[in-house]
>>> print(open('model-v3.csv').read())   # CSV, C-alpha atoms
chain,number,residue,atom,x,y,z
S,314,ASP,CA,109.8,128.1,134.5
S,315,VAL,CA,110.6,127.0,138.0
S,316,LYS,CA,110.5,123.3,138.5
S,317,VAL,CA,110.0,121.7,141.9
S,318,THR,CA,110.2,117.9,141.6
S,319,GLN,CA,109.1,115.5,144.3
S,320,SER,CA,110.6,112.0,144.0
S,321,SER,CA,107.3,110.1,144.3
S,322,ARG,CA,103.7,110.8,143.5
S,323,TYR,CA,102.4,107.9,145.6
S,324,LEU,CA,104.1,105.9,148.3
S,325,VAL,CA,103.0,103.1,150.6
S,326,LYS,CA,105.0,102.2,153.7
S,327,ARG,CA,104.5,100.2,156.9
S,328,THR,CA,104.3,101.4,160.4
S,329,GLY,CA,107.8,101.8,162.0
S,330,GLU,CA,109.6,102.2,158.7
S,331,LYS,CA,112.0,105.1,158.1
S,332,VAL,CA,110.6,107.1,155.1
S,333,PHE,CA,112.5,109.6,152.9
S,334,LEU,CA,110.7,112.1,150.8
S,335,GLU,CA,112.9,114.0,148.3
S,336,CYS,CA,112.4,117.4,146.8
S,337,VAL,CA,114.6,119.1,144.2
S,338,GLN,CA,114.3,122.6,142.7
S,339,ASP,CA,116.1,124.0,139.7
S,340,MET,CA,116.0,127.8,140.3
S,341,ASP,CA,118.6,128.3,142.9
S,342,HIS,CA,116.0,129.3,145.5
S,343,GLU,CA,117.2,130.0,149.0
S,344,ASN,CA,114.1,128.9,150.8
S,345,MET,CA,112.5,125.5,150.7
S,346,PHE,CA,109.5,124.2,152.6
S,347,TRP,CA,107.7,120.9,153.5
S,348,TYR,CA,104.0,121.0,154.1
S,349,ARG,CA,101.4,118.3,154.8
S,350,GLN,CA,97.8,118.7,153.6
S,351,ASP,CA,94.9,117.0,155.2
S,352,PRO,CA,91.2,117.4,154.4
S,353,GLY,CA,89.6,120.4,156.1
S,354,LEU,CA,92.8,121.6,157.6
S,355,GLY,CA,94.7,123.3,154.8
S,356,LEU,CA,98.4,123.1,154.4
S,357,ARG,CA,100.5,123.0,157.5
S,358,LEU,CA,104.2,123.8,157.7
S,359,ILE,CA,106.4,120.9,158.9
S,360,TYR,CA,109.9,122.4,158.4
S,361,PHE,CA,111.5,125.0,156.3
S,362,SER,CA,115.1,125.8,155.3
S,363,TYR,CA,116.5,129.2,154.4
S,364,ASP,CA,120.0,128.0,153.4
S,365,VAL,CA,122.1,124.9,153.1
S,366,LYS,CA,122.4,122.9,156.4
S,367,MET,CA,119.9,125.4,158.0
S,368,LYS,CA,116.5,124.3,159.1
S,369,GLU,CA,113.6,125.8,161.2
S,370,LYS,CA,110.7,124.0,162.7
S,371,GLY,CA,107.3,124.8,161.4
S,372,ASP,CA,103.9,124.2,163.1
S,373,ILE,CA,104.0,120.4,163.2
S,374,PRO,CA,107.6,119.1,163.3
S,375,GLU,CA,107.0,116.2,165.7
S,376,GLY,CA,107.9,112.9,164.1
S,377,TYR,CA,109.7,114.5,161.2
S,378,SER,CA,113.2,115.6,160.5
S,379,VAL,CA,114.8,117.3,157.4
S,380,SER,CA,118.1,117.5,155.6
S,381,ARG,CA,119.5,120.1,153.3
S,382,GLU,CA,123.0,119.2,152.3
S,383,LYS,CA,122.7,120.9,148.9
S,384,LYS,CA,120.9,124.1,148.0
S,385,GLU,CA,118.7,122.4,145.4
S,386,ARG,CA,117.6,119.4,147.5
S,387,PHE,CA,115.4,119.3,150.6
S,388,SER,CA,114.6,116.0,152.2
S,389,LEU,CA,111.8,115.1,154.6
S,390,ILE,CA,112.4,112.1,156.9
S,391,LEU,CA,109.8,110.2,158.9
S,392,GLU,CA,112.0,108.6,161.5
S,393,SER,CA,109.5,105.9,162.4
S,394,ALA,CA,106.3,106.1,160.3
S,395,SER,CA,103.0,106.0,162.0
S,396,THR,CA,99.5,105.8,160.6
S,397,ASN,CA,98.7,109.4,161.6
S,398,GLN,CA,101.3,110.5,159.1
S,399,THR,CA,99.3,109.3,156.2
S,400,SER,CA,98.8,112.5,154.2
S,401,MET,CA,99.6,114.5,151.1
S,402,TYR,CA,103.1,116.0,151.4
S,403,LEU,CA,103.9,119.1,149.4
S,404,CYS,CA,107.4,120.6,148.9
S,405,ALA,CA,107.8,124.3,147.9
S,406,SER,CA,110.6,126.7,147.1
S,407,GLY,CA,110.9,130.4,147.0
S,408,GLN,CA,113.4,133.2,146.3
S,409,GLY,CA,114.9,135.7,148.7
S,410,ALA,CA,115.4,136.0,152.5
S,411,GLY,CA,112.0,137.5,152.9
S,412,GLY,CA,108.6,135.9,152.5
S,413,ASN,CA,107.1,138.3,150.1
S,414,GLN,CA,107.7,136.1,147.1
S,415,PRO,CA,105.5,133.5,145.6
S,416,GLN,CA,106.3,129.9,146.6
S,417,HIS,CA,106.5,127.3,143.8
S,418,PHE,CA,105.1,123.9,144.7
S,419,GLY,CA,105.8,120.4,143.6
S,420,ASP,CA,103.1,118.0,142.5
S,421,GLY,CA,102.9,116.4,146.0
S,422,THR,CA,103.5,112.9,147.4
S,423,ARG,CA,100.5,111.0,148.6
S,424,LEU,CA,101.9,108.9,151.4
S,425,SER,CA,100.0,106.0,153.0
S,426,ILE,CA,101.3,104.3,156.2
S,427,LEU,CA,99.8,100.9,156.8
J,274,LYS,CA,93.7,126.6,165.0
J,275,ASN,CA,93.4,127.7,161.4
J,276,GLU,CA,93.8,131.5,161.2
J,277,VAL,CA,92.5,131.9,157.7
J,278,GLU,CA,88.8,131.3,156.8
J,279,GLN,CA,87.6,130.6,153.4
J,280,SER,CA,84.0,130.4,152.1
J,281,PRO,CA,82.3,128.6,150.7
J,282,GLN,CA,84.0,125.2,151.3
J,283,ASN,CA,82.4,123.8,148.2
J,284,LEU,CA,80.9,125.5,145.2
J,285,THR,CA,79.1,124.2,142.1
J,286,ALA,CA,78.4,126.4,139.2
J,287,GLN,CA,77.2,126.2,135.6
J,288,GLU,CA,79.6,127.1,132.8
J,289,GLY,CA,79.5,130.8,132.2
J,290,GLU,CA,78.6,131.9,135.7
J,291,PHE,CA,80.5,134.5,137.7
J,292,ILE,CA,82.3,132.9,140.7
J,293,THR,CA,83.3,134.5,143.9
J,294,ILE,CA,85.4,132.9,146.6
J,295,ASN,CA,86.1,134.7,149.9
J,296,CYS,CA,89.0,134.7,152.3
J,297,SER,CA,89.1,136.3,155.8
J,298,TYR,CA,92.0,136.5,158.2
J,299,SER,CA,92.2,137.6,161.8
J,300,VAL,CA,95.3,139.9,162.1
J,301,GLY,CA,97.4,142.2,160.0
J,302,ILE,CA,99.4,140.6,157.1
J,303,SER,CA,102.1,141.6,154.7
J,304,ALA,CA,100.8,139.7,151.7
J,305,LEU,CA,98.0,137.4,150.6
J,306,HIS,CA,98.3,134.6,148.0
J,307,TRP,CA,95.6,132.8,146.0
J,308,LEU,CA,96.6,129.4,144.9
J,309,GLN,CA,95.0,126.8,142.6
J,310,GLN,CA,95.3,123.1,143.2
J,311,HIS,CA,94.5,120.8,140.3
J,312,PRO,CA,92.9,117.3,140.9
J,313,GLY,CA,96.3,115.7,140.6
J,314,GLY,CA,97.6,117.6,143.5
J,315,GLY,CA,99.9,120.2,141.9
J,316,ILE,CA,99.6,123.8,143.2
J,317,VAL,CA,99.9,126.9,141.1
J,318,SER,CA,100.3,130.4,142.4
J,319,LEU,CA,97.6,132.7,140.9
J,320,PHE,CA,98.1,136.0,142.6
J,321,MET,CA,100.2,137.6,145.3
J,322,LEU,CA,98.8,140.9,146.5
J,323,SER,CA,99.1,143.3,149.5
J,324,SER,CA,96.6,146.0,148.4
J,325,GLY,CA,94.0,146.8,145.8
J,326,LYS,CA,93.2,144.5,142.9
J,327,LYS,CA,95.0,142.3,140.4
J,328,LYS,CA,93.6,140.8,137.1
J,329,HIS,CA,94.9,138.0,135.0
J,330,GLY,CA,92.7,136.9,132.2
J,331,ARG,CA,89.3,135.9,133.6
J,332,LEU,CA,90.6,135.9,137.2
J,333,ILE,CA,90.4,138.9,139.5
J,334,ALA,CA,91.7,139.1,143.0
J,335,THR,CA,90.9,142.0,145.4
J,336,ILE,CA,92.0,142.7,149.0
J,337,ASN,CA,90.6,145.1,151.6
J,338,ILE,CA,93.3,145.5,154.3
J,339,GLN,CA,91.1,147.4,156.7
J,340,GLU,CA,88.4,144.7,156.6
J,341,LYS,CA,91.0,141.8,156.5
J,342,HIS,CA,89.2,140.3,153.6
J,343,SER,CA,90.1,139.1,150.1
J,344,SER,CA,88.0,137.8,147.2
J,345,LEU,CA,88.9,135.8,144.1
J,346,HIS,CA,86.5,136.2,141.2
J,347,ILE,CA,86.3,134.1,138.0
J,348,THR,CA,84.3,135.6,135.1
J,349,ALA,CA,82.7,133.4,132.4
J,350,SER,CA,83.6,130.2,134.3
J,351,HIS,CA,84.6,127.1,132.4
J,352,PRO,CA,84.8,123.4,133.4
J,353,ARG,CA,88.6,123.7,133.2
J,354,ASP,CA,88.4,126.1,136.2
J,355,SER,CA,87.3,123.2,138.4
J,356,ALA,CA,89.9,122.9,141.1
J,357,VAL,CA,90.6,123.7,144.8
J,358,TYR,CA,91.3,127.4,145.4
J,359,ILE,CA,93.4,128.1,148.4
J,360,CYS,CA,94.0,131.4,150.2
J,361,ALA,CA,97.3,131.9,152.0
J,362,VAL,CA,98.4,134.8,154.2
J,363,LEU,CA,101.9,135.9,155.1
J,364,TYR,CA,102.2,137.2,158.7
J,365,ASN,CA,105.9,137.6,158.7
J,366,ASN,CA,108.8,136.4,156.7
J,367,ASN,CA,108.2,132.8,155.8
J,368,ASP,CA,105.3,132.3,158.1
J,369,MET,CA,102.4,131.5,155.9
J,370,ARG,CA,98.9,130.3,157.0
J,371,PHE,CA,96.7,128.5,154.6
J,372,GLY,CA,92.9,128.3,154.4
J,373,ALA,CA,91.3,124.9,154.0
J,374,GLY,CA,90.5,125.6,150.4
J,375,THR,CA,87.3,126.0,148.3
J,376,ARG,CA,86.5,123.1,146.0
J,377,LEU,CA,85.0,124.6,142.8
J,378,THR,CA,83.2,122.4,140.2
J,379,VAL,CA,82.0,124.0,137.0
J,380,LYS,CA,79.5,122.0,135.1
J,381,PRO,CA,79.2,122.2,131.3
>>> encode(input="model-v3.csv", output="structure tokens")
Amino acid sequence: DVKVTQSSRYLVKRTGEKVFLECVQDMDHENMFWYRQDPGLGLRLIYFSYDVKMKEKGDIPEGYSVSREKKERFSLILESASTNQTSMYLCASGQGAGGNQPQHFGDGTRLSIL
Amino acid sequence: KNEVEQSPQNLTAQEGEFITINCSYSVGISALHWLQQHPGGGIVSLFMLSSGKKKHGRLIATINIQEKHSSLHITASHPRDSAVYICAVLYNNNDMRFGAGTRLTVKP
């Protein structure tokens, strides 16, 4: 079974802090994704990566950056956390260059910015 | 703007009832996914389909490309089916749009 592991289930940080969310997948997937999920809005794509050191902006990249130094690891960085970044963050991975493959999700990180 | 509409937003059913959750989208797609999110937050992929119908156990997913509509059915519902069900559509490679989800509660 595919395993996508997010480093924290719950995280509390303060405004202005630099926050790192880590995601690791064990199936050698090419594509990895970071989403945030807010009530009534559905999942929104922040960034995705289709290869090591490659990244593409999603719908809401402002205030975030990402890093993919190794194929199995995709990190989301909040450069200077703000309260409007309080949300559930979900990482996913998928196989192949195309998008017609299921994405496999981690359990999510519920991040609170105080 | 969310380009995928799900209905209903919330659904409460008695154990054993037949459940239908609907998903509509606005433009042509290459694939549609149904996902299940458990109360703890983890998301599981239930179906991926681009035409017709798929069945897995008590779950059935259908899609009508001409009408831009998909349905997820649950037969003989059970309290363990209680979860949020999410419809996601794929417009082009790696460009997925998600519905806001349908929260299903099945009471014993």
>>> interface_residues(input="model-v3.csv", of="chain J", to="chain S", cutoff="12 Å", atoms="all atoms listed in the file", output="PDB file with C-alpha atoms, in the frame of the given file")
ATOM      1  CA  LYS J 274      93.700 126.600 165.000  1.00  0.00           C
ATOM      2  CA  ASN J 275      93.400 127.700 161.400  1.00  0.00           C
ATOM      3  CA  GLU J 276      93.800 131.500 161.200  1.00  0.00           C
ATOM      4  CA  VAL J 277      92.500 131.900 157.700  1.00  0.00           C
ATOM      5  CA  GLU J 278      88.800 131.300 156.800  1.00  0.00           C
ATOM      6  CA  GLN J 279      87.600 130.600 153.400  1.00  0.00           C
ATOM      7  CA  GLN J 282      84.000 125.200 151.300  1.00  0.00           C
ATOM      8  CA  ASN J 283      82.400 123.800 148.200  1.00  0.00           C
ATOM      9  CA  ILE J 302      99.400 140.600 157.100  1.00  0.00           C
ATOM     10  CA  SER J 303     102.100 141.600 154.700  1.00  0.00           C
ATOM     11  CA  ALA J 304     100.800 139.700 151.700  1.00  0.00           C
ATOM     12  CA  LEU J 305      98.000 137.400 150.600  1.00  0.00           C
ATOM     13  CA  HIS J 306      98.300 134.600 148.000  1.00  0.00           C
ATOM     14  CA  TRP J 307      95.600 132.800 146.000  1.00  0.00           C
ATOM     15  CA  LEU J 308      96.600 129.400 144.900  1.00  0.00           C
ATOM     16  CA  GLN J 309      95.000 126.800 142.600  1.00  0.00           C
ATOM     17  CA  GLN J 310      95.300 123.100 143.200  1.00  0.00           C
ATOM     18  CA  HIS J 311      94.500 120.800 140.300  1.00  0.00           C
ATOM     19  CA  PRO J 312      92.900 117.300 140.900  1.00  0.00           C
ATOM     20  CA  GLY J 313      96.300 115.700 140.600  1.00  0.00           C
ATOM     21  CA  GLY J 314      97.600 117.600 143.500  1.00  0.00           C
ATOM     22  CA  GLY J 315      99.900 120.200 141.900  1.00  0.00           C
ATOM     23  CA  ILE J 316      99.600 123.800 143.200  1.00  0.00           C
ATOM     24  CA  VAL J 317      99.900 126.900 141.100  1.00  0.00           C
ATOM     25  CA  SER J 318     100.300 130.400 142.400  1.00  0.00           C
ATOM     26  CA  LEU J 319      97.600 132.700 140.900  1.00  0.00           C
ATOM     27  CA  PHE J 320      98.100 136.000 142.600  1.00  0.00           C
ATOM     28  CA  MET J 321     100.200 137.600 145.300  1.00  0.00           C
ATOM     29  CA  LEU J 322      98.800 140.900 146.500  1.00  0.00           C
ATOM     30  CA  SER J 323      99.100 143.300 149.500  1.00  0.00           C
ATOM     31  CA  VAL J 357      90.600 123.700 144.800  1.00  0.00           C
ATOM     32  CA  TYR J 358      91.300 127.400 145.400  1.00  0.00           C
ATOM     33  CA  ILE J 359      93.400 128.100 148.400  1.00  0.00           C
ATOM     34  CA  CYS J 360      94.000 131.400 150.200  1.00  0.00           C
ATOM     35  CA  ALA J 361      97.300 131.900 152.000  1.00  0.00           C
ATOM     36  CA  VAL J 362      98.400 134.800 154.200  1.00  0.00           C
ATOM     37  CA  LEU J 363     101.900 135.900 155.100  1.00  0.00           C
ATOM     38  CA  TYR J 364     102.200 137.200 158.700  1.00  0.00           C
ATOM     39  CA  ASN J 365     105.900 137.600 158.700  1.00  0.00           C
ATOM     40  CA  ASN J 366     108.800 136.400 156.700  1.00  0.00           C
ATOM     41  CA  ASN J 367     108.200 132.800 155.800  1.00  0.00           C
ATOM     42  CA  ASP J 368     105.300 132.300 158.100  1.00  0.00           C
ATOM     43  CA  MET J 369     102.400 131.500 155.900  1.00  0.00           C
ATOM     44  CA  ARG J 370      98.900 130.300 157.000  1.00  0.00           C
ATOM     45  CA  PHE J 371      96.700 128.500 154.600  1.00  0.00           C
ATOM     46  CA  GLY J 372      92.900 128.300 154.400  1.00  0.00           C
ATOM     47  CA  ALA J 373      91.300 124.900 154.000  1.00  0.00           C
ATOM     48  CA  GLY J 374      90.500 125.600 150.400  1.00  0.00           C
ATOM     49  CA  THR J 375      87.300 126.000 148.300  1.00  0.00           C
ATOM     50  CA  ARG J 376      86.500 123.100 146.000  1.00  0.00           C
TER      51      ARG J 376
END
>>> closest_residue(input="model-v3.csv", among="S:Glu330, S:Glu369, S:Glu335, S:Asp364", to="Glu392 in chain S", atoms="only C-alpha atoms")
S:Glu330
>>> residues_around(input="model-v3.csv", residues="Leu345 in chain J", least_positions_apart="4", cutoff="6 Å", atoms="all atoms listed in the file", output="list in words")
Thr293, Ile294, Ile333 and Ala334 of chain J
>>> atom_distance(input="model-v3.csv", atom1="CA of Lys331 in chain S", atom2="CA of Ser406 in chain S")
24.3 Å
>>> atom_distance(input="model-v3.csv", atom1="CA of Ser321 in chain S", atom2="CA of Ser355 in chain J")
24.6 Å
>>> atom_distance(input="model-v3.csv", atom1="CA of Leu377 in chain J", atom2="CA of Asn295 in chain J")
12.4 Å
>>> residues_around(input="model-v3.csv", residues="Thr285 in chain J", least_positions_apart="5", cutoff="8 Å", atoms="all atoms listed in the file", output="PyMOL selection string")
chain J and resi 377-380
>>> closest_residue(input="model-v3.csv", among="J:Cys296, J:Ser280, J:Gly289, J:Lys341", to="Arg353 in chain J", atoms="all atoms listed in the file")
J:Gly289
>>> residues_near_point(input="model-v3.csv", point="(109.7, 120.1, 159.1)", cutoff="7 Å", atoms="all atoms listed in the file", output="list in words")
Trp347, Leu358, Ile359, Tyr360, Phe361, Lys370, Gly371, Pro374, Tyr377, Ser378 and Val379 of chain S
>>> residues_near_point(input="model-v3.csv", point="(98.2, 110.5, 154.6)", cutoff="6 Å", atoms="only C-alpha atoms", output="number ranges by chain")
S: 398-401, 424-425
>>> decode(input="model-v3.csv", residues="range 323-356 of chain S", atoms="N, CA and C atoms", output="CSV table (one decimal), in the first residue's frame")
chain,number,residue,atom,x,y,z
S,323,TYR,N,-1.1,17.7,14.4
S,323,TYR,CA,-1.5,19.0,14.9
S,323,TYR,C,-0.3,19.8,15.2
S,324,LEU,N,-0.4,21.1,14.9
S,324,LEU,CA,0.7,22.0,15.1
S,324,LEU,C,0.2,23.4,15.5
S,325,VAL,N,0.8,24.0,16.5
S,325,VAL,CA,0.4,25.4,16.9
S,325,VAL,C,1.7,26.3,16.8
S,326,LYS,N,1.5,27.3,16.1
S,326,LYS,CA,2.7,28.3,15.9
S,326,LYS,C,2.2,29.7,16.1
S,327,ARG,N,3.1,30.6,16.2
S,327,ARG,CA,2.8,32.0,16.4
S,327,ARG,C,3.0,32.8,15.2
S,328,THR,N,2.2,33.9,15.1
S,328,THR,CA,2.3,34.8,14.0
S,328,THR,C,3.8,35.3,13.8
S,329,GLY,N,4.2,35.2,12.5
S,329,GLY,CA,5.5,35.6,12.2
S,329,GLY,C,6.6,34.5,12.1
S,330,GLU,N,6.2,33.4,12.7
S,330,GLU,CA,7.2,32.3,12.7
S,330,GLU,C,7.3,31.7,11.3
S,331,LYS,N,8.4,31.1,11.1
S,331,LYS,CA,8.6,30.3,9.8
S,331,LYS,C,8.3,28.9,10.2
S,332,VAL,N,7.3,28.3,9.4
S,332,VAL,CA,6.8,27.0,9.7
S,332,VAL,C,7.1,26.0,8.6
S,333,PHE,N,7.5,24.8,8.9
S,333,PHE,CA,7.8,23.8,8.0
S,333,PHE,C,6.9,22.6,8.1
S,334,LEU,N,6.2,22.2,7.1
S,334,LEU,CA,5.4,21.0,7.1
S,334,LEU,C,6.0,20.0,6.1
S,335,GLU,N,6.3,18.8,6.6
S,335,GLU,CA,7.0,17.8,5.9
S,335,GLU,C,6.1,16.7,5.4
S,336,CYS,N,6.4,16.2,4.2
S,336,CYS,CA,5.6,15.1,3.7
S,336,CYS,C,6.5,14.1,3.0
S,337,VAL,N,6.3,12.8,3.3
S,337,VAL,CA,7.2,11.8,2.7
S,337,VAL,C,6.3,10.7,2.1
S,338,GLN,N,6.6,10.2,0.9
S,338,GLN,CA,5.9,9.1,0.3
S,338,GLN,C,6.9,8.0,-0.1
S,339,ASP,N,6.4,6.8,0.0
S,339,ASP,CA,7.2,5.6,-0.1
S,339,ASP,C,7.0,4.8,-1.4
S,340,MET,N,6.4,5.4,-2.4
S,340,MET,CA,6.1,4.7,-3.6
S,340,MET,C,6.8,5.2,-4.9
S,341,ASP,N,7.8,6.0,-4.7
S,341,ASP,CA,8.5,6.5,-5.8
S,341,ASP,C,7.7,7.3,-6.8
S,342,HIS,N,6.6,8.0,-6.3
S,342,HIS,CA,5.8,8.8,-7.2
S,342,HIS,C,6.5,10.0,-7.7
S,343,GLU,N,6.2,10.4,-8.9
S,343,GLU,CA,6.8,11.6,-9.5
S,343,GLU,C,6.1,12.8,-9.0
S,344,ASN,N,4.8,12.8,-8.9
S,344,ASN,CA,4.1,14.0,-8.5
S,344,ASN,C,3.7,14.1,-7.0
S,345,MET,N,3.9,15.3,-6.5
S,345,MET,CA,3.5,15.5,-5.1
S,345,MET,C,2.8,16.8,-5.0
S,346,PHE,N,1.9,16.9,-4.1
S,346,PHE,CA,1.0,18.1,-4.0
S,346,PHE,C,0.8,18.6,-2.6
S,347,TRP,N,0.6,19.8,-2.4
S,347,TRP,CA,0.2,20.4,-1.1
S,347,TRP,C,-1.1,21.1,-1.3
S,348,TYR,N,-2.1,20.8,-0.5
S,348,TYR,CA,-3.4,21.4,-0.5
S,348,TYR,C,-3.7,22.0,0.9
S,349,ARG,N,-4.6,23.0,0.9
S,349,ARG,CA,-5.2,23.4,2.2
S,349,ARG,C,-6.7,23.2,2.1
S,350,GLN,N,-7.3,22.8,3.2
S,350,GLN,CA,-8.7,22.6,3.2
S,350,GLN,C,-9.4,23.4,4.3
S,351,ASP,N,-10.4,24.2,3.8
S,351,ASP,CA,-11.1,25.1,4.7
S,351,ASP,C,-12.6,24.8,4.6
S,352,PRO,N,-13.3,25.0,5.7
S,352,PRO,CA,-14.8,24.7,5.7
S,352,PRO,C,-15.5,25.4,4.5
S,353,GLY,N,-16.3,24.6,3.8
S,353,GLY,CA,-17.1,25.2,2.7
S,353,GLY,C,-16.4,25.5,1.4
S,354,LEU,N,-15.1,25.3,1.4
S,354,LEU,CA,-14.3,25.7,0.2
S,354,LEU,C,-13.7,24.5,-0.5
S,355,GLY,N,-13.7,23.4,0.1
S,355,GLY,CA,-13.0,22.3,-0.6
S,355,GLY,C,-11.5,22.4,-0.5
S,356,LEU,N,-10.8,21.4,-1.1
S,356,LEU,CA,-9.4,21.5,-1.1
S,356,LEU,C,-8.9,22.4,-2.2
